[in-house]
>>> print(open('data.txt').read())   # compact mmCIF, C-alpha atoms and all ligand atoms
# COMPACT_ATOMS: atom_id res chain seq x y z
CA ASP T 17 -15.64 -0.96 20.75
CA ASP T 18 -18.89 -0.23 19.02
CA PHE T 19 -17.58 -0.94 15.56
CA GLU T 20 -18.98 -4.37 14.94
CA GLY T 21 -19.95 -5.09 11.38
CA GLU T 22 -18.38 -1.95 9.88
CA GLY T 23 -15.35 -1.25 7.70
CA VAL T 24 -13.16 -4.34 7.45
CA TRP T 25 -15.54 -6.16 9.80
CA ARG T 26 -18.46 -5.74 7.44
CA TYR T 27 -16.80 -8.67 5.68
CA ALA T 28 -16.51 -10.84 8.81
CA GLU T 29 -18.00 -13.74 6.85
CA ALA T 30 -14.87 -13.75 4.66
CA LEU T 31 -12.53 -13.44 7.68
CA PRO T 32 -11.24 -15.99 10.19
CA LEU T 33 -12.74 -14.14 13.21
CA GLU T 34 -16.01 -12.33 13.92
CA ASP T 35 -14.37 -9.18 15.25
CA GLY T 36 -10.93 -7.77 15.88
CA VAL T 37 -8.75 -5.29 17.71
CA THR T 38 -10.07 -2.22 15.92
CA THR T 39 -9.46 1.48 15.41
CA GLN T 40 -12.18 1.61 12.74
CA GLU T 41 -10.20 0.59 9.68
CA GLY T 42 -11.46 0.06 6.14
CA ALA T 43 -14.37 1.67 4.25
CA THR T 44 -11.85 3.98 2.58
CA PRO T 45 -12.87 6.42 -0.17
CA LEU T 46 -12.90 5.48 -3.86
CA TYR T 47 -12.25 8.89 -5.40
CA GLU T 48 -13.16 10.12 -8.86
CA VAL T 49 -10.28 11.87 -10.65
CA PRO T 50 -11.86 13.29 -13.82
CA ARG T 51 -8.82 15.26 -15.04
CA LEU T 52 -6.44 12.37 -14.53
CA GLU T 53 -8.91 9.94 -16.09
CA GLU T 54 -9.14 12.13 -19.20
CA ASP T 55 -5.40 12.75 -19.30
CA ILE T 56 -4.41 9.08 -19.00
CA GLY T 57 -7.25 8.18 -21.37
CA VAL T 58 -9.26 5.34 -19.88
CA GLU T 59 -13.04 4.82 -19.72
CA ALA T 60 -13.07 5.16 -15.93
CA LEU T 61 -10.40 5.73 -13.29
CA ARG T 62 -10.97 5.51 -9.57
CA ILE T 63 -8.50 5.92 -6.72
CA LYS T 64 -8.92 3.61 -3.75
CA HIS T 65 -7.12 5.67 -1.13
CA GLU T 66 -5.88 3.38 1.60
CA GLY T 67 -4.03 6.32 3.12
CA MET T 68 -7.40 7.18 4.69
CA ASN T 69 -7.15 4.32 7.19
CA PRO T 70 -6.57 5.18 10.90
CA THR T 71 -2.76 5.01 10.82
CA GLY T 72 -2.62 6.19 7.21
CA SER T 73 -2.03 2.97 5.30
CA PHE T 74 -3.70 -0.30 4.26
CA LYS T 75 -1.70 -2.13 6.95
CA ASP T 76 -4.51 -1.42 9.43
CA ARG T 77 -6.76 -3.87 7.58
CA GLY T 78 -4.25 -6.63 8.15
CA MET T 79 -3.43 -5.70 11.72
CA THR T 80 -7.04 -5.60 12.95
CA VAL T 81 -7.20 -9.31 12.08
CA GLY T 82 -3.60 -10.31 12.82
CA VAL T 83 -3.42 -8.67 16.24
CA ALA T 84 -6.81 -10.17 17.16
CA VAL T 85 -5.47 -13.63 16.29
CA ALA T 86 -2.39 -12.90 18.43
CA THR T 87 -4.72 -12.02 21.31
CA GLU T 88 -6.55 -15.34 20.92
CA LEU T 89 -3.22 -17.16 20.88
CA GLY T 90 -2.23 -15.40 24.09
CA VAL T 91 1.16 -14.21 22.86
CA ASP T 92 2.70 -11.27 24.68
CA ARG T 93 5.15 -9.82 22.17
CA LEU T 94 4.47 -8.89 18.56
CA ALA T 95 7.16 -8.14 16.00
CA CYS T 96 7.67 -7.07 12.41
CA ALA T 97 10.30 -5.89 9.98
CA SER T 98 9.16 -2.79 8.15
CA THR T 99 9.83 -0.08 5.62
CA GLY T 100 7.67 1.98 8.00
CA ASN T 101 3.94 1.53 7.54
CA THR T 102 3.72 -1.96 8.99
CA SER T 103 5.61 -0.75 12.06
CA ALA T 104 3.21 2.18 12.53
CA ALA T 105 0.17 -0.08 12.27
CA LEU T 106 1.63 -2.82 14.45
CA ALA T 107 2.57 -0.29 17.13
CA ALA T 108 -0.94 1.19 17.14
CA TYR T 109 -2.88 -2.08 17.09
CA GLY T 110 -0.46 -3.79 19.48
CA SER T 111 -0.83 -1.02 22.04
CA ARG T 112 -4.61 -1.09 21.62
CA GLY T 113 -4.53 -4.83 22.24
CA GLY T 114 -2.31 -4.34 25.28
CA MET T 115 0.70 -6.14 23.86
CA GLU T 116 4.38 -5.33 23.61
CA THR T 117 5.61 -4.52 20.10
CA LEU T 118 9.04 -4.81 18.55
CA VAL T 119 9.85 -3.36 15.12
CA LEU T 120 12.99 -3.74 13.01
CA LEU T 121 13.59 -0.87 10.60
CA PRO T 122 16.30 -0.32 7.97
CA ALA T 123 18.38 2.52 9.44
CA GLY T 124 18.00 5.83 7.63
CA LYS T 125 15.49 4.50 5.07
CA VAL T 126 12.16 4.99 6.80
CA ALA T 127 10.04 8.12 6.23
CA ALA T 128 9.72 10.46 9.22
CA GLY T 129 5.97 10.14 9.80
CA LYS T 130 6.17 6.38 10.13
CA VAL T 131 8.98 6.33 12.69
CA ALA T 132 7.11 8.99 14.67
CA GLN T 133 4.00 6.78 14.76
CA ALA T 134 5.87 3.65 15.86
CA SER T 135 7.63 5.70 18.50
CA LEU T 136 4.59 7.41 20.03
CA HIS T 137 2.51 4.22 20.02
CA GLY T 138 5.24 2.72 22.16
CA ALA T 139 6.98 0.18 19.95
CA ARG T 140 10.51 -0.82 20.79
CA ILE T 141 12.30 0.31 17.63
CA LEU T 142 15.46 -1.45 16.49
CA GLU T 143 17.30 0.35 13.69
CA VAL T 144 19.10 -2.30 11.67
CA ASP T 145 22.27 -1.55 9.76
CA GLY T 146 20.88 -3.17 6.60
CA ASN T 147 17.92 -3.02 4.23
CA PHE T 148 14.35 -4.20 4.77
CA ASP T 149 15.05 -7.69 3.47
CA ALA T 150 17.75 -8.19 6.12
CA CYS T 151 15.29 -6.98 8.78
CA LEU T 152 12.73 -9.52 7.60
CA ASP T 153 15.29 -12.35 7.66
CA ILE T 154 16.13 -11.50 11.28
CA VAL T 155 12.57 -11.10 12.53
CA GLN T 156 11.61 -14.45 10.98
CA GLU T 157 14.42 -16.06 12.94
CA LEU T 158 13.32 -14.31 16.13
CA ALA T 159 9.80 -15.65 15.57
CA ALA T 160 11.12 -19.16 14.87
CA LYS T 161 12.99 -19.01 18.20
CA GLY T 162 9.75 -18.12 19.97
CA GLU T 163 10.86 -14.58 20.82
CA ALA T 164 7.85 -12.89 19.22
CA TYR T 165 4.72 -13.41 17.11
CA LEU T 166 5.41 -12.38 13.51
CA LEU T 167 3.05 -9.82 11.98
CA ASN T 168 4.58 -9.25 8.57
CA SER T 169 2.51 -10.22 5.53
CA LEU T 170 3.99 -13.73 5.74
CA ASN T 171 1.39 -14.08 8.47
CA PRO T 172 -1.68 -15.32 6.56
CA PHE T 173 -4.13 -13.55 8.90
CA ARG T 174 -2.72 -10.19 7.78
CA LEU T 175 -3.64 -11.03 4.19
CA GLU T 176 -7.13 -12.13 5.24
CA GLY T 177 -7.80 -8.57 6.43
CA GLN T 178 -6.26 -7.05 3.33
CA LYS T 179 -8.65 -9.05 1.12
CA THR T 180 -11.29 -6.48 2.07
CA ILE T 181 -9.60 -3.87 -0.16
CA GLY T 182 -10.63 -5.97 -3.15
CA LEU T 183 -14.09 -6.66 -1.79
CA GLU T 184 -14.77 -2.94 -1.27
CA ILE T 185 -13.55 -2.03 -4.77
CA LEU T 186 -15.68 -4.71 -6.42
CA GLU T 187 -18.77 -3.74 -4.46
CA ALA T 188 -18.37 -0.05 -5.29
CA PHE T 189 -17.85 -0.68 -9.01
CA ARG T 190 -20.86 -2.97 -9.15
CA GLU T 191 -23.01 -0.29 -7.55
CA GLU T 192 -21.75 2.48 -9.80
CA TYR T 193 -21.23 0.76 -13.16
CA ASP T 194 -23.16 -2.48 -12.71
CA ALA T 195 -19.84 -4.12 -13.63
CA PHE T 196 -16.56 -4.97 -11.98
CA PRO T 197 -13.31 -3.10 -12.77
CA ASP T 198 -11.35 -4.46 -15.73
CA ARG T 199 -8.09 -3.85 -13.92
CA ILE T 200 -6.70 -3.08 -10.47
CA VAL T 201 -3.30 -1.39 -10.44
CA LEU T 202 -1.28 -1.50 -7.23
CA PRO T 203 2.21 -0.78 -5.93
CA VAL T 204 4.19 -3.92 -5.11
CA GLY T 205 6.75 -4.43 -2.37
CA ASN T 206 6.39 -7.79 -0.65
CA ALA T 207 3.40 -8.50 -2.92
CA GLY T 208 1.09 -9.06 0.05
CA ASN T 209 -1.78 -7.04 -1.40
CA THR T 210 -1.39 -8.74 -4.76
CA ALA T 211 -1.68 -12.12 -3.04
CA ALA T 212 -4.58 -10.95 -0.84
CA LEU T 213 -6.62 -9.52 -3.70
CA TYR T 214 -6.11 -12.66 -5.76
CA LYS T 215 -7.30 -14.79 -2.85
CA ALA T 216 -10.38 -12.59 -2.46
CA PHE T 217 -11.22 -12.99 -6.16
CA ARG T 218 -10.75 -16.76 -6.09
CA GLU T 219 -13.06 -17.04 -3.11
CA LEU T 220 -15.70 -14.94 -4.87
CA VAL T 221 -15.42 -17.12 -7.98
CA GLN T 222 -15.75 -20.25 -5.85
CA ALA T 223 -18.82 -18.77 -4.16
CA GLY T 224 -20.37 -18.01 -7.56
CA ALA T 225 -20.38 -14.26 -6.87
CA LEU T 226 -17.88 -13.45 -9.63
CA ALA T 227 -17.49 -15.04 -13.06
CA GLU T 228 -14.01 -16.14 -14.18
CA ASP T 229 -14.03 -13.57 -16.98
CA GLU T 230 -15.01 -10.80 -14.56
CA VAL T 231 -11.88 -11.13 -12.41
CA PRO T 232 -9.94 -7.83 -12.61
CA LYS T 233 -6.47 -7.97 -14.14
CA LEU T 234 -4.02 -7.60 -11.26
CA THR T 235 -1.35 -5.17 -12.38
CA GLY T 236 1.67 -4.61 -10.16
CA VAL T 237 3.98 -1.60 -10.19
CA GLN T 238 7.48 -1.45 -8.74
CA ALA T 239 10.18 1.21 -8.66
CA GLU T 240 12.94 0.67 -11.21
CA GLY T 241 15.52 0.35 -8.44
CA ALA T 242 13.58 -2.43 -6.69
CA ALA T 243 11.77 -4.44 -9.36
CA PRO T 244 12.37 -8.20 -8.86
CA MET T 245 8.69 -9.04 -9.51
CA VAL T 246 8.72 -7.14 -12.79
CA GLU T 247 11.86 -9.01 -13.79
CA ALA T 248 10.17 -12.35 -13.07
CA ILE T 249 7.04 -11.43 -15.06
CA GLU T 250 9.08 -10.16 -18.02
CA ASN T 251 11.26 -13.28 -18.01
CA ARG T 252 8.29 -15.60 -17.47
CA ALA T 253 10.27 -17.01 -14.54
CA ASP T 254 8.80 -19.45 -12.01
CA GLU T 255 10.64 -17.81 -9.16
CA VAL T 256 11.62 -14.29 -8.23
CA ARG T 257 15.34 -13.57 -8.02
CA ARG T 258 16.30 -11.69 -4.83
CA TRP T 259 17.87 -8.28 -5.50
CA ASP T 260 20.57 -7.51 -2.94
CA ASP T 261 20.91 -3.84 -3.82
CA VAL T 262 17.72 -1.83 -3.98
CA GLU T 263 17.15 1.90 -4.09
CA THR T 264 14.17 4.21 -4.65
CA ARG T 265 12.68 7.42 -3.31
CA ALA T 266 9.57 5.33 -2.65
CA THR T 267 11.09 3.86 0.52
CA ALA T 268 7.91 1.90 1.36
CA ILE T 269 8.62 -0.42 -1.59
CA ARG T 270 12.41 -0.47 -1.31
CA ILE T 271 12.30 -4.27 -1.22
CA GLY T 272 14.46 -6.82 -3.07
CA ASN T 273 12.93 -10.08 -1.88
CA PRO T 274 9.12 -10.06 -2.25
CA VAL T 275 8.25 -12.86 0.15
CA ASN T 276 4.68 -13.31 -1.10
CA ALA T 277 5.82 -13.85 -4.69
CA PRO T 278 4.74 -17.54 -4.74
CA LYS T 279 1.16 -16.41 -4.04
CA ALA T 280 1.30 -13.22 -6.09
CA LEU T 281 2.91 -14.32 -9.37
CA PRO T 282 0.02 -16.70 -10.18
CA GLY T 283 -2.38 -13.88 -9.31
CA ILE T 284 -0.85 -11.55 -11.86
CA ARG T 285 -0.57 -14.26 -14.52
CA GLU T 286 -3.92 -15.99 -14.12
CA THR T 287 -5.91 -12.75 -14.08
CA GLY T 288 -4.24 -11.63 -17.33
CA GLY T 289 -2.47 -8.78 -15.56
CA THR T 290 1.13 -7.68 -15.77
CA ALA T 291 3.88 -5.91 -13.86
CA VAL T 292 5.76 -2.76 -14.79
CA SER T 293 8.48 -0.61 -13.27
CA VAL T 294 8.61 3.18 -13.10
CA SER T 295 11.36 5.69 -12.38
CA ASP T 296 11.51 7.85 -9.26
CA GLU T 297 10.82 10.89 -11.48
CA GLU T 298 7.66 9.25 -12.84
CA ILE T 299 6.60 8.46 -9.28
CA THR T 300 7.06 12.08 -8.16
CA GLU T 301 5.18 13.31 -11.24
CA ALA T 302 2.27 10.98 -10.39
CA GLN T 303 2.36 12.18 -6.79
CA ARG T 304 1.88 15.74 -8.13
CA ASP T 305 -0.90 14.55 -10.49
CA LEU T 306 -2.85 13.07 -7.58
CA ALA T 307 -2.15 16.10 -5.39
CA GLY T 308 -3.60 18.22 -8.20
CA GLU T 309 -6.89 16.36 -7.73
CA GLY T 310 -6.76 16.93 -3.97
CA ILE T 311 -5.47 13.48 -3.10
CA GLY T 312 -2.34 13.35 -0.96
CA VAL T 313 -0.30 10.17 -1.16
CA GLU T 314 3.19 9.02 -0.29
CA PRO T 315 5.61 8.16 -3.15
CA ALA T 316 5.07 4.37 -3.17
CA SER T 317 1.33 4.94 -3.62
CA ALA T 318 1.83 7.20 -6.61
CA ALA T 319 3.65 4.33 -8.33
CA SER T 320 0.25 2.84 -9.22
CA ILE T 321 -0.73 5.92 -11.24
CA ALA T 322 2.74 6.19 -12.79
CA GLY T 323 2.50 2.54 -13.83
CA LEU T 324 -0.98 2.94 -15.28
CA ARG T 325 0.13 5.96 -17.29
CA LYS T 326 3.08 4.00 -18.68
CA LEU T 327 1.01 0.93 -19.57
CA ARG T 328 -1.65 3.09 -21.22
CA ALA T 329 1.03 4.88 -23.28
CA GLU T 330 2.42 1.48 -24.33
CA GLY T 331 -1.05 0.31 -25.34
CA VAL T 332 -1.05 -2.51 -22.78
CA VAL T 333 -4.04 -0.85 -21.11
CA ASP T 334 -6.93 -0.12 -23.51
CA ASP T 335 -8.86 3.14 -23.63
CA ASP T 336 -12.13 1.35 -22.89
CA GLU T 337 -10.95 -0.05 -19.57
CA ARG T 338 -12.40 0.75 -16.17
CA VAL T 339 -9.49 0.89 -13.75
CA ALA T 340 -9.04 1.14 -9.99
CA CYS T 341 -5.66 2.36 -8.74
CA LEU T 342 -4.68 1.58 -5.20
CA THR T 343 -2.93 4.34 -3.26
CA THR T 344 -1.53 2.62 -0.23
CA GLY T 345 -0.31 5.38 2.11
CA HIS T 346 -1.04 8.99 3.08
CA LEU T 347 1.02 12.03 2.01
CA LEU T 348 1.88 12.85 5.64
CA LYS T 349 3.72 9.57 6.04
CA ASP T 350 6.63 11.08 4.12
CA PRO T 351 6.58 14.86 4.65
CA ASP T 352 10.11 15.24 3.25
CA ALA T 353 9.15 13.65 -0.09
CA ALA T 354 6.01 15.81 -0.26
CA ALA T 355 7.94 19.02 0.43
CA ALA T 356 10.55 18.09 -2.16
CA ALA T 357 7.86 17.39 -4.79
CA GLY T 358 5.83 20.50 -4.00
CA ALA T 359 6.21 24.26 -4.20
CA ASP T 360 8.58 26.11 -1.87
CA PRO T 361 7.21 28.58 0.69
CA GLU T 362 7.93 32.24 -0.14
CA PRO T 363 9.32 34.50 2.61
CA VAL T 364 7.40 37.80 2.84
CA PRO T 365 7.53 40.79 5.20
CA ALA T 366 4.98 41.05 8.04
CA ASP T 367 2.86 43.82 6.45
CA THR T 368 0.08 43.87 3.88
CA GLU T 369 1.96 46.18 1.50
CA GLY T 370 4.88 43.79 1.42
CA VAL T 371 2.61 40.79 0.90
CA LEU T 372 0.80 42.59 -1.95
CA ALA T 373 4.14 43.45 -3.52
CA SER T 374 5.17 39.82 -3.34
CA LEU T 375 1.84 38.68 -4.84
CA ALA T 376 2.26 41.12 -7.71
CA GLY T 377 5.76 39.81 -8.40
CA GLU T 378 6.75 36.59 -10.07
CA SER T 379 5.32 33.56 -8.30
CA SER T 380 7.95 30.94 -7.60
CA PRO T 381 7.58 27.92 -9.86
CA ASP T 382 7.80 24.51 -8.20
N1 LIG W 1 2.70 0.84 -0.48
C1 LIG W 1 3.03 1.19 0.78
C2 LIG W 1 2.75 2.58 1.21
C3 LIG W 1 3.63 0.24 1.64
O1 LIG W 1 3.94 0.61 2.87
C4 LIG W 1 3.90 -1.05 1.17
C5 LIG W 1 4.56 -2.04 2.00
C6 LIG W 1 3.53 -1.35 -0.15
C7 LIG W 1 2.94 -0.39 -0.94
C8 LIG W 1 3.77 -2.69 -0.73
O2 LIG W 1 2.75 -3.57 -0.39
O3 LIG W 1 4.11 -5.49 0.37
O4 LIG W 1 1.67 -5.72 -0.11
O5 LIG W 1 3.31 -5.41 -1.95
N2 LIG W 1 5.07 -1.75 3.11
C9 LIG W 1 5.65 -2.73 4.05
C10 LIG W 1 5.98 -2.04 5.35
C11 LIG W 1 6.77 -3.50 3.50
O6 LIG W 1 6.86 -2.51 6.07
O7 LIG W 1 5.34 -1.06 5.69
P1 LIG W 1 2.96 -5.14 -0.53
>>> encode(input="data.txt", output="structure tokens")
Amino acid sequence: DDFEGEGVWRYAEALPLEDGVTTQEGATPLYEVPRLEEDIGVEALRIKHEGMNPTGSFKDRGMTVGVAVATELGVDRLACASTGNTSAALAAYGSRGGMETLVLLPAGKVAAGKVAQASLHGARILEVDGNFDACLDIVQELAAKGEAYLLNSLNPFRLEGQKTIGLEILEAFREEYDAFPDRIVLPVGNAGNTAALYKAFRELVQAGALAEDEVPKLTGVQAEGAAPMVEAIENRADEVRRWDDVETRATAIRIGNPVNAPKALPGIRETGGTAVSVSDEEITEAQRDLAGEGIGVEPASAASIAGLRKLRAEGVVDDDERVACLTTGHLLKDPDAAAAAGADPEPVPADTEGVLASLAGESSPD
């Protein structure tokens, strides 16, 4: 492919390979949201929309590297557990790399768009009668038995690719404001992005490209029904307690055992960040807020905005801060959640008079 040196691969120097199995991932937009910025009340607010990657989530950044490593290793079967997005990306990148893919999904808890992607890209889909954490336990055992090459975020090469989210945000802020963001707010599931961004910052500090006091505060957001990281931060615990029962409308982050916690907790603490949980209602409200600025995201992604709003209201976030919020997946990933959060279609007759009559009548509130 003629994509060398672009997107994720513009940062090849920071990656373990010079090029990957690519569908042109990375270089996602960093949107302005002036109404939301004013409403939440911070100096600057930007939305890094990872839903604009080829398969509609940040997972592509990890897969372009991880699947390339798998190619070098000569493995023939790739596998992951997934709440949906990882499976979509693995299926796409695996098929592009000419490898067999196996995905384990929690039955009935994966948004429609994601299953459709995994299916059409040719993954073998196993629906597990259990939650994501059970799927991840099983796929780790399959990998340990040599049945498949694991491409969950426990695979360090995945996180190498995801570092580029942080690098792009820092570069864009430096260009625009001649300063780095004070804070990066992101949804947390397995805490892979939190770990990846922290690693990116540490490497920049080591290289002398970023001063210690310029490192953005990593701020994680979880859904109230799946918030083991928040619990650990609030309790100043050294380890994260696994939650056996998790529930949230934001199915992408319906995770009780964040496997990257050992790498992510120090990232939140040492950057002076924090973690906060938000309700499903707050998530849906934030999804509408973003949609009102023309940005379509899935529920888990909106958690970042919901969390920022909450922390700003609590005074944890100052009004003079410049903030980047990560939105991790596209609206179309979860069409059912979008339809439920949005306005209902209005039935009208098939003639102009009838349509005009309907327009003149009460519009249906959402
Ligand atoms: N947002 C979305 C849309 C996700 O799909 C995920 C994770 C996260 C946030 C959490 O990111 O794990 O780095 O803290 N999805 C995984 C999956 C679990 O299987 O697609 P994290």
>>> atom_distance(input="data.txt", atom1="atom CA of T:Arg338", atom2="atom CA of T:Glu228")
17.1 Å
>>> residues_around(input="data.txt", residues="T:Lys64", least_positions_apart="4", cutoff="12 Å", atoms="all atoms listed in the file", output="PyMOL selection string")
chain T and resi 42-49+68-69+73-74+180-186+188-189+200-202+306+311+313+317-318+320-321+339-346
>>> residues_near_ligand(input="data.txt", ligand="ligand LIG 1 (chain W)", cutoff="7 Å", atoms="all atoms listed in the file", output="number ranges by chain")
T: 73, 97-103, 203-210, 268-269, 314, 316-317, 344-345
>>> closest_residue(input="data.txt", among="T:Gly310, T:Pro282, T:Gly241, T:Pro32", to="T:Gly78", atoms="all atoms listed in the file")
T:Pro32
>>> atom_distance(input="data.txt", atom1="atom CA of T:Val294", atom2="atom CA of T:Gly323")
6.2 Å
>>> atom_distance(input="data.txt", atom1="atom CA of T:Glu362", atom2="atom CA of T:Ala127")
25.0 Å
>>> residues_around(input="data.txt", residues="stretch 33-36 of chain T", least_positions_apart="2", cutoff="12 Å", atoms="all atoms listed in the file", output="PyMOL selection string")
chain T and resi 17-31+38-41+76-88+109-110+112-113+173-174+176-177
>>> closest_residue(input="data.txt", among="T:Pro172, T:Pro315, T:Pro361, T:Gly289", to="T:Leu327", atoms="only C-alpha atoms")
T:Gly289
>>> residues_near_point(input="data.txt", point="(15.2, 7.8, -4.7)", cutoff="6 Å", atoms="only C-alpha atoms", output="JSON, numbers by chain")
{"T": [264, 265, 296]}
>>> closest_residue(input="data.txt", among="T:Gly272, T:Val262, T:Pro244, T:Ala95", to="T:Ala160", atoms="all atoms listed in the file")
T:Ala95
>>> closest_residue(input="data.txt", among="T:Ile249, T:Gln178, T:Ile154, T:Thr71", to="T:Ala134", atoms="all atoms listed in the file")
T:Thr71
